[in-house]
>>> print(open('entry28.txt').read())   # compact mmCIF, C-alpha atoms
# COMPACT_ATOMS: atom_id res chain seq x y z
CA MET J 250 47.00 2.39 -27.34
CA ALA J 251 46.85 3.86 -30.84
CA GLN J 252 46.97 7.64 -30.93
CA ASP J 253 44.15 7.67 -33.49
CA GLU J 254 41.92 5.75 -31.13
CA HIS J 255 42.69 8.14 -28.28
CA SER J 256 41.94 11.15 -30.50
CA HIS J 257 38.67 9.58 -31.56
CA PHE J 258 37.53 9.20 -27.95
CA ARG J 259 38.81 12.64 -27.00
CA GLU J 260 36.64 14.22 -29.67
CA GLN J 261 33.60 12.62 -28.07
CA LEU J 262 34.19 14.03 -24.58
CA SER J 263 32.29 17.31 -25.00
CA ALA J 264 29.21 15.58 -26.42
CA TYR J 265 29.38 12.99 -23.62
CA ALA J 266 29.50 15.75 -20.97
CA LEU J 267 26.36 17.31 -22.46
CA GLY J 268 24.60 13.92 -22.62
CA ALA J 269 24.45 14.22 -26.42
CA LEU J 270 26.68 11.30 -27.39
CA ASP J 271 24.71 8.68 -29.31
CA ALA J 272 23.95 5.61 -27.23
CA GLU J 273 26.01 3.23 -29.36
CA ASP J 274 29.19 5.29 -28.70
CA VAL J 275 28.75 5.68 -24.95
CA ARG J 276 29.89 2.23 -23.79
CA ALA J 277 33.17 2.27 -25.73
CA LEU J 278 34.01 5.76 -24.44
CA GLU J 279 33.26 4.78 -20.85
CA GLU J 280 35.62 1.80 -21.17
CA HIS J 281 38.31 4.11 -22.55
CA LEU J 282 37.80 6.56 -19.68
CA GLN J 283 38.61 3.84 -17.17
CA THR J 284 42.18 3.66 -18.45
CA CYS J 285 42.87 7.19 -19.73
CA ASP J 286 43.80 9.84 -17.15
CA SER J 287 44.09 12.71 -19.63
CA CYS J 288 40.60 12.07 -21.02
CA ARG J 289 39.16 11.92 -17.48
CA ALA J 290 40.80 15.26 -16.66
CA GLU J 291 39.46 16.87 -19.83
CA LEU J 292 36.01 15.41 -19.20
CA SER J 293 35.88 16.98 -15.74
CA GLU J 294 36.41 20.41 -17.34
CA TYR J 295 33.55 19.82 -19.79
CA ARG J 296 31.38 18.54 -16.98
CA ALA J 297 31.98 21.76 -15.08
CA ILE J 298 30.56 23.57 -18.10
CA SER J 299 27.51 21.30 -18.38
CA ASP J 300 26.86 21.71 -14.65
CA GLY J 301 27.32 25.44 -15.07
CA LEU J 302 24.69 25.48 -17.82
CA LEU J 303 22.15 24.47 -15.17
CA THR J 304 22.74 27.72 -13.34
CA ALA J 305 23.62 29.99 -16.27
CA LEU J 306 20.05 31.15 -16.65
CA PRO J 307 18.48 34.29 -15.17
CA PRO J 308 16.13 33.28 -12.31
CA ARG J 309 12.42 33.19 -13.14
CA LEU J 310 9.98 33.20 -10.25
CA PRO J 311 7.10 30.72 -10.53
CA SER J 312 3.60 31.85 -9.54
CA ALA J 313 2.76 32.24 -5.85
CA ALA J 314 0.12 29.52 -6.34
CA LEU J 315 2.84 26.94 -6.90
CA ARG J 316 4.15 27.37 -3.35
CA LYS J 317 0.63 26.86 -1.99
CA ARG J 318 0.12 23.77 -4.17
CA LEU J 319 3.37 22.30 -2.91
CA GLN J 320 2.40 23.03 0.68
CA SER J 321 -0.93 21.29 0.17
CA GLN J 322 0.88 18.15 -0.97
CA LEU J 323 3.12 17.88 2.08
CA PRO J 324 2.16 15.25 4.70
CA SER J 325 0.94 17.75 7.31
CA ALA J 326 -1.48 19.34 4.85
CA GLN J 327 -2.82 15.93 3.90
CA LYS J 328 -3.30 15.09 7.55
CA LYS J 329 -5.34 18.27 8.01
CA THR J 330 -7.72 17.27 5.22
CA GLN J 331 -8.41 13.89 6.79
CA PRO J 332 -11.25 13.85 9.34
CA ARG J 333 -9.93 13.16 12.81
CA PHE J 334 -11.69 12.31 16.04
CA ASN J 335 -10.78 14.62 18.86
CA TRP J 336 -11.11 12.45 21.98
CA SER J 337 -11.57 14.82 24.89
CA PHE J 338 -11.72 13.45 28.47
CA GLY J 339 -15.51 13.99 28.60
CA LYS J 340 -16.02 12.05 25.36
CA LEU J 341 -13.81 9.24 26.62
CA VAL J 342 -15.88 8.96 29.82
CA LEU J 343 -19.12 9.05 27.84
CA GLY J 344 -17.80 6.40 25.44
CA GLY J 345 -16.73 4.21 28.35
CA ALA J 346 -20.13 4.55 30.04
CA LEU J 347 -21.92 3.63 26.81
CA ALA J 348 -19.68 0.60 26.34
CA LEU J 349 -20.35 -0.52 29.94
CA LEU J 350 -24.10 -0.06 29.48
CA LEU J 351 -23.97 -2.11 26.29
CA LEU J 352 -22.03 -4.83 28.06
CA MET J 353 -24.56 -4.94 30.93
CA ASN J 354 -27.46 -5.15 28.48
CA LEU J 355 -25.76 -8.00 26.69
CA PHE J 356 -25.21 -9.83 30.01
CA SER J 357 -28.87 -9.35 31.01
CA PHE J 358 -30.03 -10.57 27.62
CA LEU J 359 -27.90 -13.73 27.87
CA GLN J 360 -29.19 -14.40 31.41
CA MET J 361 -32.78 -13.97 30.28
CA ARG J 362 -32.21 -16.38 27.36
CA GLN J 363 -30.75 -18.93 29.78
CA ILE J 364 -33.77 -18.65 32.12
CA GLN J 365 -36.15 -18.95 29.16
CA ASN J 366 -34.37 -22.10 27.98
CA GLN J 367 -34.50 -23.60 31.48
CA GLN J 368 -38.20 -22.73 31.70
CA ALA J 369 -38.89 -24.36 28.32
CA ASP J 370 -37.01 -27.51 29.40
CA LEU J 371 -39.04 -27.63 32.62
CA VAL J 372 -42.35 -27.24 30.78
CA GLN J 373 -41.34 -29.98 28.36
CA GLN J 374 -40.36 -32.25 31.26
CA ILE J 375 -43.72 -31.65 32.97
CA LYS J 376 -45.59 -32.39 29.76
CA THR J 377 -43.58 -35.59 29.29
CA ASN J 378 -44.27 -36.71 32.82
CA GLN J 379 -47.97 -35.89 32.45
CA PHE J 380 -47.95 -37.86 29.20
CA ALA J 381 -46.43 -40.88 30.99
CA LEU J 382 -48.95 -40.53 33.87
CA SER J 383 -51.86 -40.36 31.46
CA MET J 384 -50.58 -43.46 29.71
CA LEU J 385 -50.30 -45.31 33.02
CA ALA J 386 -53.87 -44.34 33.85
CA TYR J 387 -55.17 -45.49 30.46
CA PRO J 388 -56.79 -48.96 30.64
CA GLY J 389 -55.32 -50.19 27.33
CA THR J 390 -51.71 -49.32 28.16
CA GLN J 391 -49.33 -52.21 28.40
CA ALA J 392 -46.44 -51.82 30.86
CA ILE J 393 -43.39 -53.96 30.12
CA PRO J 394 -40.70 -53.95 32.79
CA ILE J 395 -37.13 -53.00 31.92
CA ALA J 396 -34.61 -55.46 33.28
CA ALA J 397 -31.01 -54.28 33.02
CA ASN J 398 -27.98 -53.85 35.28
CA ASN J 399 -28.39 -50.92 37.71
CA LEU J 400 -31.42 -49.73 35.81
CA SER J 401 -35.12 -50.29 36.28
CA GLY J 402 -38.32 -48.88 34.85
CA SER J 403 -41.04 -49.64 32.31
CA VAL J 404 -41.86 -49.35 28.64
CA LEU J 405 -45.47 -48.14 28.33
CA LEU J 406 -47.20 -49.18 25.13
CA ASP J 407 -50.51 -47.76 23.94
CA ARG J 408 -51.14 -49.65 20.73
CA GLU J 409 -54.59 -48.01 20.17
CA ARG J 410 -53.11 -44.53 20.00
CA ASN J 411 -49.81 -45.82 18.59
CA THR J 412 -47.68 -44.17 21.25
CA ALA J 413 -45.14 -45.36 23.77
CA ALA J 414 -43.15 -43.99 26.69
CA LEU J 415 -39.93 -45.03 28.38
CA VAL J 416 -39.81 -44.49 32.15
CA MET J 417 -36.29 -45.20 33.42
CA TRP J 418 -34.97 -44.99 36.96
CA HIS J 419 -31.33 -44.18 37.77
CA LEU J 420 -30.29 -43.64 34.16
CA PRO J 421 -26.64 -42.50 34.36
CA GLN J 422 -25.57 -39.02 33.19
CA LEU J 423 -23.60 -39.02 29.94
CA ASN J 424 -20.70 -36.86 28.73
CA GLN J 425 -21.51 -33.80 26.58
CA ASP J 426 -20.39 -35.62 23.43
CA GLN J 427 -22.82 -38.55 24.03
CA THR J 428 -26.57 -39.10 23.91
CA TYR J 429 -29.10 -41.87 24.55
CA GLN J 430 -30.93 -43.06 21.44
CA ALA J 431 -34.10 -45.21 21.38
CA TRP J 432 -34.58 -47.81 18.63
CA LEU J 433 -37.75 -49.62 17.55
CA ILE J 434 -36.88 -53.17 16.45
CA GLU J 435 -38.42 -54.68 13.31
CA PRO J 436 -39.01 -58.47 13.07
CA ASP J 437 -35.90 -58.92 10.89
CA GLY J 438 -33.78 -57.19 13.55
CA HIS J 439 -33.47 -53.87 11.69
CA ARG J 440 -33.54 -50.86 14.00
CA VAL J 441 -35.51 -47.63 13.36
CA SER J 442 -34.53 -44.56 15.35
CA ALA J 443 -37.16 -43.41 17.88
CA GLY J 444 -35.36 -40.25 19.01
CA THR J 445 -32.46 -39.15 21.19
CA PHE J 446 -32.62 -37.94 24.79
CA ARG J 447 -30.54 -37.21 27.87
CA SER J 448 -31.20 -38.31 31.45
CA GLN J 449 -33.08 -35.77 33.58
CA GLU J 450 -30.65 -34.08 35.94
CA ASP J 451 -32.97 -33.05 38.80
CA THR J 452 -34.96 -36.27 39.25
CA SER J 453 -34.08 -39.94 39.78
CA TYR J 454 -36.16 -40.97 36.80
CA THR J 455 -36.18 -40.06 33.12
CA THR J 456 -39.30 -40.10 30.97
CA GLN J 457 -39.04 -40.20 27.18
CA PRO J 458 -42.10 -40.29 24.89
CA VAL J 459 -41.95 -42.29 21.67
CA TYR J 460 -44.11 -41.40 18.66
CA PRO J 461 -43.54 -44.08 15.99
CA LYS J 462 -43.95 -43.03 12.34
CA GLN J 463 -45.20 -46.55 11.58
CA ASP J 464 -47.71 -48.75 13.37
CA LEU J 465 -46.31 -50.20 16.59
CA ALA J 466 -47.57 -53.56 15.37
CA ASN J 467 -44.73 -53.53 12.83
CA PHE J 468 -42.19 -53.71 15.65
CA VAL J 469 -41.21 -56.51 17.98
CA GLY J 470 -39.31 -54.59 20.60
CA ILE J 471 -37.56 -51.39 21.68
CA GLY J 472 -34.05 -50.69 22.94
CA VAL J 473 -31.75 -47.87 24.00
CA THR J 474 -28.04 -47.44 23.22
CA VAL J 475 -25.39 -44.80 23.95
CA GLU J 476 -24.47 -42.91 20.76
CA PRO J 477 -22.34 -39.92 19.82
CA ALA J 478 -24.07 -36.55 20.33
CA GLY J 479 -26.54 -35.95 17.52
CA GLY J 480 -27.43 -39.63 17.20
CA SER J 481 -26.62 -42.37 14.66
CA ASP J 482 -28.36 -44.00 11.69
CA GLN J 483 -27.94 -47.45 13.24
CA PRO J 484 -26.86 -48.49 16.76
CA THR J 485 -23.10 -48.17 17.18
CA GLY J 486 -22.60 -47.85 20.94
CA GLN J 487 -23.17 -49.69 24.16
CA ARG J 488 -26.64 -51.16 24.72
CA VAL J 489 -28.46 -49.81 27.84
CA PHE J 490 -31.45 -52.15 27.66
CA LYS J 491 -33.68 -54.05 25.23
CA VAL J 492 -37.36 -54.97 25.77
CA ASP J 493 -39.39 -57.34 23.61
CA PHE J 494 -43.06 -56.45 23.03
CA MET Y 250 16.48 29.02 10.88
CA THR Y 251 17.23 31.52 8.09
CA ASP Y 252 20.94 31.38 8.85
CA LEU Y 253 21.14 27.64 8.16
CA ASN Y 254 22.92 26.61 4.98
CA ASP Y 255 21.43 24.31 2.36
CA SER Y 256 23.09 21.22 3.75
CA GLU Y 257 21.80 21.87 7.26
CA LEU Y 258 18.30 22.51 5.94
CA MET Y 259 18.43 19.26 3.95
CA THR Y 260 19.28 17.37 7.13
CA ARG Y 261 16.07 18.76 8.60
CA VAL Y 262 14.06 18.02 5.46
CA ALA Y 263 15.23 14.40 5.64
CA ARG Y 264 13.64 14.30 9.12
CA GLY Y 265 10.34 15.60 7.70
CA ASP Y 266 10.76 19.30 8.58
CA GLU Y 267 8.32 21.05 6.24
CA HIS Y 268 9.42 24.53 7.31
CA ALA Y 269 13.00 23.74 6.24
CA PHE Y 270 11.64 22.41 2.93
CA LEU Y 271 9.77 25.66 2.26
CA MET Y 272 12.87 27.66 3.08
CA LEU Y 273 14.78 25.71 0.43
CA TYR Y 274 11.92 26.31 -1.98
CA ASP Y 275 12.06 30.05 -1.36
CA ARG Y 276 15.80 30.00 -1.90
CA HIS Y 277 15.93 27.99 -5.13
CA ALA Y 278 12.51 27.97 -6.80
CA ALA Y 279 13.42 30.80 -9.21
CA ARG Y 280 16.48 28.94 -10.50
CA VAL Y 281 14.64 25.66 -10.84
CA HIS Y 282 11.79 27.37 -12.64
CA ALA Y 283 14.17 29.21 -15.00
CA LEU Y 284 15.60 25.83 -16.04
CA THR Y 285 12.26 24.05 -16.49
CA LEU Y 286 10.90 27.05 -18.41
CA ARG Y 287 13.94 27.05 -20.72
CA ILE Y 288 13.44 23.34 -21.42
CA LEU Y 289 9.65 23.26 -21.76
CA SER Y 290 8.94 26.81 -23.07
CA ASP Y 291 5.48 26.62 -21.51
CA PRO Y 292 4.77 28.32 -18.17
CA MET Y 293 2.14 25.79 -17.07
CA LEU Y 294 4.22 22.73 -17.93
CA ALA Y 295 7.26 24.40 -16.41
CA GLU Y 296 5.44 24.98 -13.12
CA GLU Y 297 4.36 21.35 -13.03
CA ALA Y 298 7.95 20.22 -13.62
CA THR Y 299 9.19 22.61 -10.93
CA GLN Y 300 6.62 21.23 -8.53
CA ASP Y 301 7.62 17.63 -9.36
CA ALA Y 302 11.29 18.47 -8.85
CA PHE Y 303 10.65 19.87 -5.37
CA LEU Y 304 8.45 16.92 -4.43
CA LYS Y 305 11.33 14.65 -5.46
CA LEU Y 306 13.65 16.72 -3.28
CA TRP Y 307 11.24 16.13 -0.38
CA SER Y 308 10.92 12.39 -0.93
CA ARG Y 309 14.61 11.79 -1.74
CA ALA Y 310 16.12 14.08 0.90
CA ARG Y 311 17.81 11.15 2.65
CA LEU Y 312 19.73 10.34 -0.54
CA PHE Y 313 21.40 13.75 -0.75
CA MET Y 314 25.15 13.67 -0.03
CA ASN Y 315 26.71 17.07 0.50
CA GLU Y 316 30.23 15.82 -0.20
CA ARG Y 317 29.26 14.95 -3.79
CA GLY Y 318 28.17 18.46 -4.73
CA SER Y 319 25.97 21.38 -3.77
CA LEU Y 320 22.28 21.00 -3.11
CA LEU Y 321 21.45 23.48 -5.88
CA LEU Y 322 23.34 21.38 -8.44
CA TRP Y 323 21.58 18.20 -7.21
CA LEU Y 324 18.19 19.89 -7.36
CA LEU Y 325 18.78 21.38 -10.81
CA THR Y 326 19.94 17.99 -12.12
CA ILE Y 327 16.68 16.48 -10.86
CA ALA Y 328 14.71 19.37 -12.40
CA ARG Y 329 16.44 18.98 -15.79
CA ARG Y 330 15.68 15.27 -15.95
CA THR Y 331 12.10 15.86 -14.83
CA ALA Y 332 11.55 18.55 -17.47
CA LEU Y 333 13.21 16.51 -20.25
CA ASP Y 334 11.04 13.50 -19.35
CA ARG Y 335 7.99 15.75 -19.59
CA LEU Y 336 9.19 17.12 -22.92
CA ARG Y 337 9.45 13.58 -24.33
CA LEU Y 338 6.07 12.70 -22.86
CA GLU Y 339 4.46 15.68 -24.55
CA GLY Y 340 6.14 14.67 -27.83
CA ARG Y 341 6.67 18.29 -28.75
CA ARG Y 342 9.11 19.45 -31.39
CA PRO Y 343 12.28 20.99 -29.98
CA VAL Y 344 11.97 24.73 -29.40
CA LEU Y 345 14.89 27.10 -29.42
CA SER Y 346 14.68 29.82 -26.80
CA ASP Y 347 14.24 33.38 -27.92
CA SER Y 348 17.60 34.92 -27.14
CA ASN Y 349 16.07 38.37 -27.55
CA ASP Y 350 13.68 37.83 -24.64
CA PRO Y 351 14.84 40.37 -22.03
CA ASP Y 352 13.70 38.06 -19.24
CA ASP Y 353 16.23 35.49 -20.44
CA MET Y 354 19.08 37.95 -20.33
CA TRP Y 355 21.35 39.07 -17.54
CA GLN Y 356 22.65 42.56 -18.08
CA THR Y 357 25.62 42.68 -15.73
CA ILE Y 358 28.11 40.50 -13.92
CA PRO Y 359 28.19 41.11 -10.16
CA ASP Y 360 31.35 41.77 -8.20
CA LEU Y 361 33.45 38.59 -8.21
CA ASP Y 362 34.63 39.11 -4.62
CA SER Y 363 31.21 39.64 -3.01
CA MET Y 364 29.25 37.08 -5.09
CA PRO Y 365 31.78 34.69 -6.62
CA GLU Y 366 29.30 31.92 -7.44
CA GLU Y 367 26.75 34.25 -9.02
CA ALA Y 368 29.53 35.90 -11.02
CA ARG Y 369 30.67 32.50 -12.39
CA TRP Y 370 27.13 31.61 -13.47
CA ARG Y 371 26.62 34.92 -15.21
CA SER Y 372 29.98 34.78 -16.95
CA LEU Y 373 29.04 31.38 -18.41
CA HIS Y 374 25.70 32.84 -19.47
CA PHE Y 375 27.49 35.61 -21.34
CA ALA Y 376 29.93 33.11 -22.80
CA VAL Y 377 27.00 31.13 -24.22
CA GLN Y 378 25.40 34.32 -25.56
CA SER Y 379 28.63 35.27 -27.27
CA LEU Y 380 28.81 32.02 -29.26
CA GLN Y 381 27.98 32.28 -32.93
CA PRO Y 382 24.31 31.32 -33.47
CA ASP Y 383 24.84 27.89 -35.05
CA HIS Y 384 27.22 26.92 -32.24
CA ARG Y 385 24.82 28.15 -29.57
CA GLN Y 386 22.01 26.26 -31.26
CA VAL Y 387 23.68 22.86 -30.95
CA ILE Y 388 24.54 23.50 -27.29
CA GLU Y 389 20.95 24.44 -26.48
CA LEU Y 390 19.43 21.54 -28.41
CA ALA Y 391 21.80 19.10 -26.73
CA TYR Y 392 21.53 20.36 -23.19
CA TYR Y 393 18.16 22.07 -22.87
CA GLN Y 394 16.24 19.82 -25.28
CA GLY Y 395 18.04 16.57 -24.44
CA LEU Y 396 18.82 15.66 -28.06
CA SER Y 397 21.67 13.41 -29.15
CA GLN Y 398 24.00 14.53 -31.95
CA SER Y 399 22.13 12.32 -34.46
CA GLU Y 400 18.80 13.83 -33.40
CA ILE Y 401 20.20 17.37 -33.71
CA ALA Y 402 21.42 16.54 -37.21
CA GLU Y 403 17.93 15.35 -38.11
CA VAL Y 404 16.16 18.37 -36.57
CA LEU Y 405 18.45 20.94 -38.17
CA GLY Y 406 18.98 19.04 -41.44
CA TRP Y 407 22.73 19.16 -41.03
CA PRO Y 408 25.21 16.35 -41.72
CA LEU Y 409 26.09 14.48 -38.51
CA GLY Y 410 29.76 15.40 -38.93
CA THR Y 411 28.85 19.10 -38.99
CA VAL Y 412 26.89 18.75 -35.76
CA LYS Y 413 29.79 17.01 -34.07
CA THR Y 414 32.29 19.61 -35.25
CA ARG Y 415 30.15 22.56 -34.18
CA LEU Y 416 29.28 21.06 -30.80
CA ARG Y 417 32.92 20.32 -30.09
CA ALA Y 418 33.99 23.80 -31.19
CA ALA Y 419 31.27 25.43 -29.07
CA MET Y 420 32.26 23.52 -25.95
CA GLU Y 421 35.91 24.31 -26.51
CA GLN Y 422 35.11 28.03 -26.78
CA LEU Y 423 33.07 27.91 -23.58
CA ARG Y 424 35.89 26.10 -21.78
CA GLN Y 425 38.43 28.67 -22.85
CA LYS Y 426 36.24 31.68 -22.08
CA TRP Y 427 35.19 30.33 -18.70
CA ASN Y 428 38.72 29.45 -17.69
CA GLU Y 429 39.83 33.00 -18.61
CA GLU Y 430 37.51 34.43 -15.95
>>> encode(input="entry28.txt", output="structure tokens")
Amino acid sequence: MAQDEHSHFREQLSAYALGALDAEDVRALEEHLQTCDSCRAELSEYRAISDGLLTALPPRLPSAALRKRLQSQLPSAQKKTQPRFNWSFGKLVLGGALALLLLMNLFSFLQMRQIQNQQADLVQQIKTNQFALSMLAYPGTQAIPIAANNLSGSVLLDRERNTAALVMWHLPQLNQDQTYQAWLIEPDGHRVSAGTFRSQEDTSYTTQPVYPKQDLANFVGIGVTVEPAGGSDQPTGQRVFKVDF
Amino acid sequence: MTDLNDSELMTRVARGDEHAFLMLYDRHAARVHALTLRILSDPMLAEEATQDAFLKLWSRARLFMNERGSLLLWLLTIARRTALDRLRLEGRRPVLSDSNDPDDMWQTIPDLDSMPEEARWRSLHFAVQSLQPDHRQVIELAYYQGLSQSEIAEVLGWPLGTVKTRLRAAMEQLRQKWNEE
């Protein structure tokens, strides 16, 4: 290594120790320091001075407020400023009792809703049956027998009042994802939906009223198929029966 | 807890012991504040820098390694960088400290046997005070204002070579005087 080069770097050591060496000179000096023991030794003496300059000042006390400000920024002080719930045993018991009461109210409400729904279903069933009875008693009603495997009953047609009713005995129960759907049949074979229904669970027969949107005279028959829950636009499932008017 | 040394207190601070943290503050706040005040020359800014330095001590306590130097040196290094960053942020012109301010002067050197560390610090203080003014000026601008040699040349209107020569001469004098102690 050239002596001139070494001297050049050595002259930079004091400025480097103070952090005053210009940025463009720092990298070259640091590379030199990696291979020069004497420069490293001299640098450590200058560094002792720069470290000493940190402490070579008479102490100056900051204001007392600074200590309080610092304290207020520590985690415990921040916790104190946050609102906290103090759960005593009494409050826990009270909270538990309130939660239980709420739960019981919710249970009662659900039970009441279930009873109301059952009651509404029953009323509807009675009305439907009364409707079928009144049709049977009406002189102009035409009763067309249903002939299908394991199923019997009648299609009641009241052309004057443009209403109909299906009375079906031993209609099988369907799965939850299925429904019965009635179809009025036009002369060209096109089917028009006449409503969906399920078989009545507590009686051997099922009554389903039909209120056509068009004149019954426009139709030549009526049928029932099994469809996915919610019904279909056109018959897609198994036929239950078909009756020609 | 008062008999615990800095290193032992730092171990507790690293575990979140606020009482240990406040003990360290009581021990070293005056030295940290003296440094930030020298750099910033503004009591309010200096207090903010002192506060930031101690909050960094709290949050970085796990990083402190006793074998690499004393806690005070570590803390003062953090405080110097914090204050210099603030100085740059404020964009203020470099200010030379008033060497006639009695608050910035120690009057005596304590007994070397009873307080060896304190005596070393004060002897360096007196060594700096004994430098000729233009030499002391470059040391203070470099170390307490964070200026490079080129920036010092610009601030003082001196040729860069003059700054380098005076800074080198000043550091050499300090080295010799301090090693004589």
>>> interface_residues(input="entry28.txt", of="chain J", to="chain Y", cutoff="10 Å", atoms="all atoms listed in the file", output="ChimeraX atom specification")
/J:260-272,294-295,297-312,314-316,318-320,322-325
>>> residues_around(input="entry28.txt", residues="J:Gly402", least_positions_apart="2", cutoff="6 Å", atoms="all atoms listed in the file", output="NGL selection string")
:J and (394-395 or 416-418)
>>> closest_residue(input="entry28.txt", among="Y:Leu273, Y:Leu289, Y:Val404, Y:Val262", to="Y:Ala310", atoms="only C-alpha atoms")
Y:Val262
>>> residues_around(input="entry28.txt", residues="J:Thr455", least_positions_apart="5", cutoff="10 Å", atoms="only C-alpha atoms", output="VMD selection string")
chain J and resid 374 377 to 378 402 415 to 421 446 to 450
>>> axis_aligned_box(input="entry28.txt", around="stretch 368-384 of chain Y", padding_each_side="8 Å", output="JSON")
{"center_x": 27.5, "center_y": 31.4, "center_z": -23.0, "size_x": 22.4, "size_y": 25.0, "size_z": 40.0}
>>> closest_residue(input="entry28.txt", among="J:Val459, J:Met361, J:Leu371, J:Ala413", to="J:Gln391", atoms="all atoms listed in the file")
J:Ala413
>>> atom_distance(input="entry28.txt", atom1="atom CA of Y:Ser256", atom2="atom CA of Y:Ser308")
15.7 Å
>>> residues_around(input="entry28.txt", residues="Y:Leu258", least_positions_apart="3", cutoff="6 Å", atoms="all atoms listed in the file", output="list in words")
Asp255, Arg261 and Ala269 of chain Y
>>> atom_distance(input="entry28.txt", atom1="atom CA of Y:Asn315", atom2="atom CA of Y:Leu333")
24.8 Å
>>> atom_distance(input="entry28.txt", atom1="atom CA of J:Gln367", atom2="atom CA of J:Gln430")
22.2 Å
>>> build_atoms(input="entry28.txt", residues="stretch 330-344 of chain Y", atoms="N, CA and C atoms", output="PDB file, keeping the file's coordinate frame")
ATOM      1  N   ARG Y 330      16.180  16.592 -15.531  1.00  0.00           N
ATOM      2  CA  ARG Y 330      15.680  15.270 -15.950  1.00  0.00           C
ATOM      3  C   ARG Y 330      14.152  15.229 -15.949  1.00  0.00           C
ATOM      4  N   THR Y 331      13.571  15.838 -14.926  1.00  0.00           N
ATOM      5  CA  THR Y 331      12.100  15.860 -14.830  1.00  0.00           C
ATOM      6  C   THR Y 331      11.497  16.594 -16.027  1.00  0.00           C
ATOM      7  N   ALA Y 332      12.086  17.747 -16.361  1.00  0.00           N
ATOM      8  CA  ALA Y 332      11.550  18.550 -17.470  1.00  0.00           C
ATOM      9  C   ALA Y 332      11.778  17.843 -18.808  1.00  0.00           C
ATOM     10  N   LEU Y 333      12.953  17.221 -18.993  1.00  0.00           N
ATOM     11  CA  LEU Y 333      13.210  16.510 -20.250  1.00  0.00           C
ATOM     12  C   LEU Y 333      12.277  15.310 -20.407  1.00  0.00           C
ATOM     13  N   ASP Y 334      12.008  14.615 -19.298  1.00  0.00           N
ATOM     14  CA  ASP Y 334      11.040  13.500 -19.350  1.00  0.00           C
ATOM     15  C   ASP Y 334       9.674  14.015 -19.784  1.00  0.00           C
ATOM     16  N   ARG Y 335       9.294  15.167 -19.250  1.00  0.00           N
ATOM     17  CA  ARG Y 335       7.990  15.750 -19.590  1.00  0.00           C
ATOM     18  C   ARG Y 335       7.952  16.170 -21.051  1.00  0.00           C
ATOM     19  N   LEU Y 336       9.080  16.702 -21.515  1.00  0.00           N
ATOM     20  CA  LEU Y 336       9.190  17.120 -22.920  1.00  0.00           C
ATOM     21  C   LEU Y 336       8.977  15.928 -23.846  1.00  0.00           C
ATOM     22  N   ARG Y 337       9.595  14.801 -23.505  1.00  0.00           N
ATOM     23  CA  ARG Y 337       9.450  13.580 -24.330  1.00  0.00           C
ATOM     24  C   ARG Y 337       8.007  13.073 -24.256  1.00  0.00           C
ATOM     25  N   LEU Y 338       7.443  13.163 -23.044  1.00  0.00           N
ATOM     26  CA  LEU Y 338       6.070  12.700 -22.860  1.00  0.00           C
ATOM     27  C   LEU Y 338       5.093  13.510 -23.707  1.00  0.00           C
ATOM     28  N   GLU Y 339       5.337  14.797 -23.776  1.00  0.00           N
ATOM     29  CA  GLU Y 339       4.460  15.680 -24.550  1.00  0.00           C
ATOM     30  C   GLU Y 339       4.668  15.481 -26.041  1.00  0.00           C
ATOM     31  N   GLY Y 340       5.840  14.919 -26.416  1.00  0.00           N
ATOM     32  CA  GLY Y 340       6.140  14.670 -27.830  1.00  0.00           C
ATOM     33  C   GLY Y 340       6.193  15.935 -28.657  1.00  0.00           C
ATOM     34  N   ARG Y 341       6.632  17.010 -28.024  1.00  0.00           N
ATOM     35  CA  ARG Y 341       6.670  18.290 -28.750  1.00  0.00           C
ATOM     36  C   ARG Y 341       7.973  18.438 -29.536  1.00  0.00           C
ATOM     37  N   ARG Y 342       7.906  19.192 -30.605  1.00  0.00           N
ATOM     38  CA  ARG Y 342       9.110  19.450 -31.390  1.00  0.00           C
ATOM     39  C   ARG Y 342      10.039  20.337 -30.577  1.00  0.00           C
ATOM     40  N   PRO Y 343      11.335  20.158 -30.733  1.00  0.00           N
ATOM     41  CA  PRO Y 343      12.280  20.990 -29.980  1.00  0.00           C
ATOM     42  C   PRO Y 343      12.090  22.476 -30.286  1.00  0.00           C
ATOM     43  N   VAL Y 344      12.162  23.271 -29.236  1.00  0.00           N
ATOM     44  CA  VAL Y 344      11.970  24.730 -29.400  1.00  0.00           C
ATOM     45  C   VAL Y 344      13.250  25.422 -28.961  1.00  0.00           C
TER      46      VAL Y 344
END
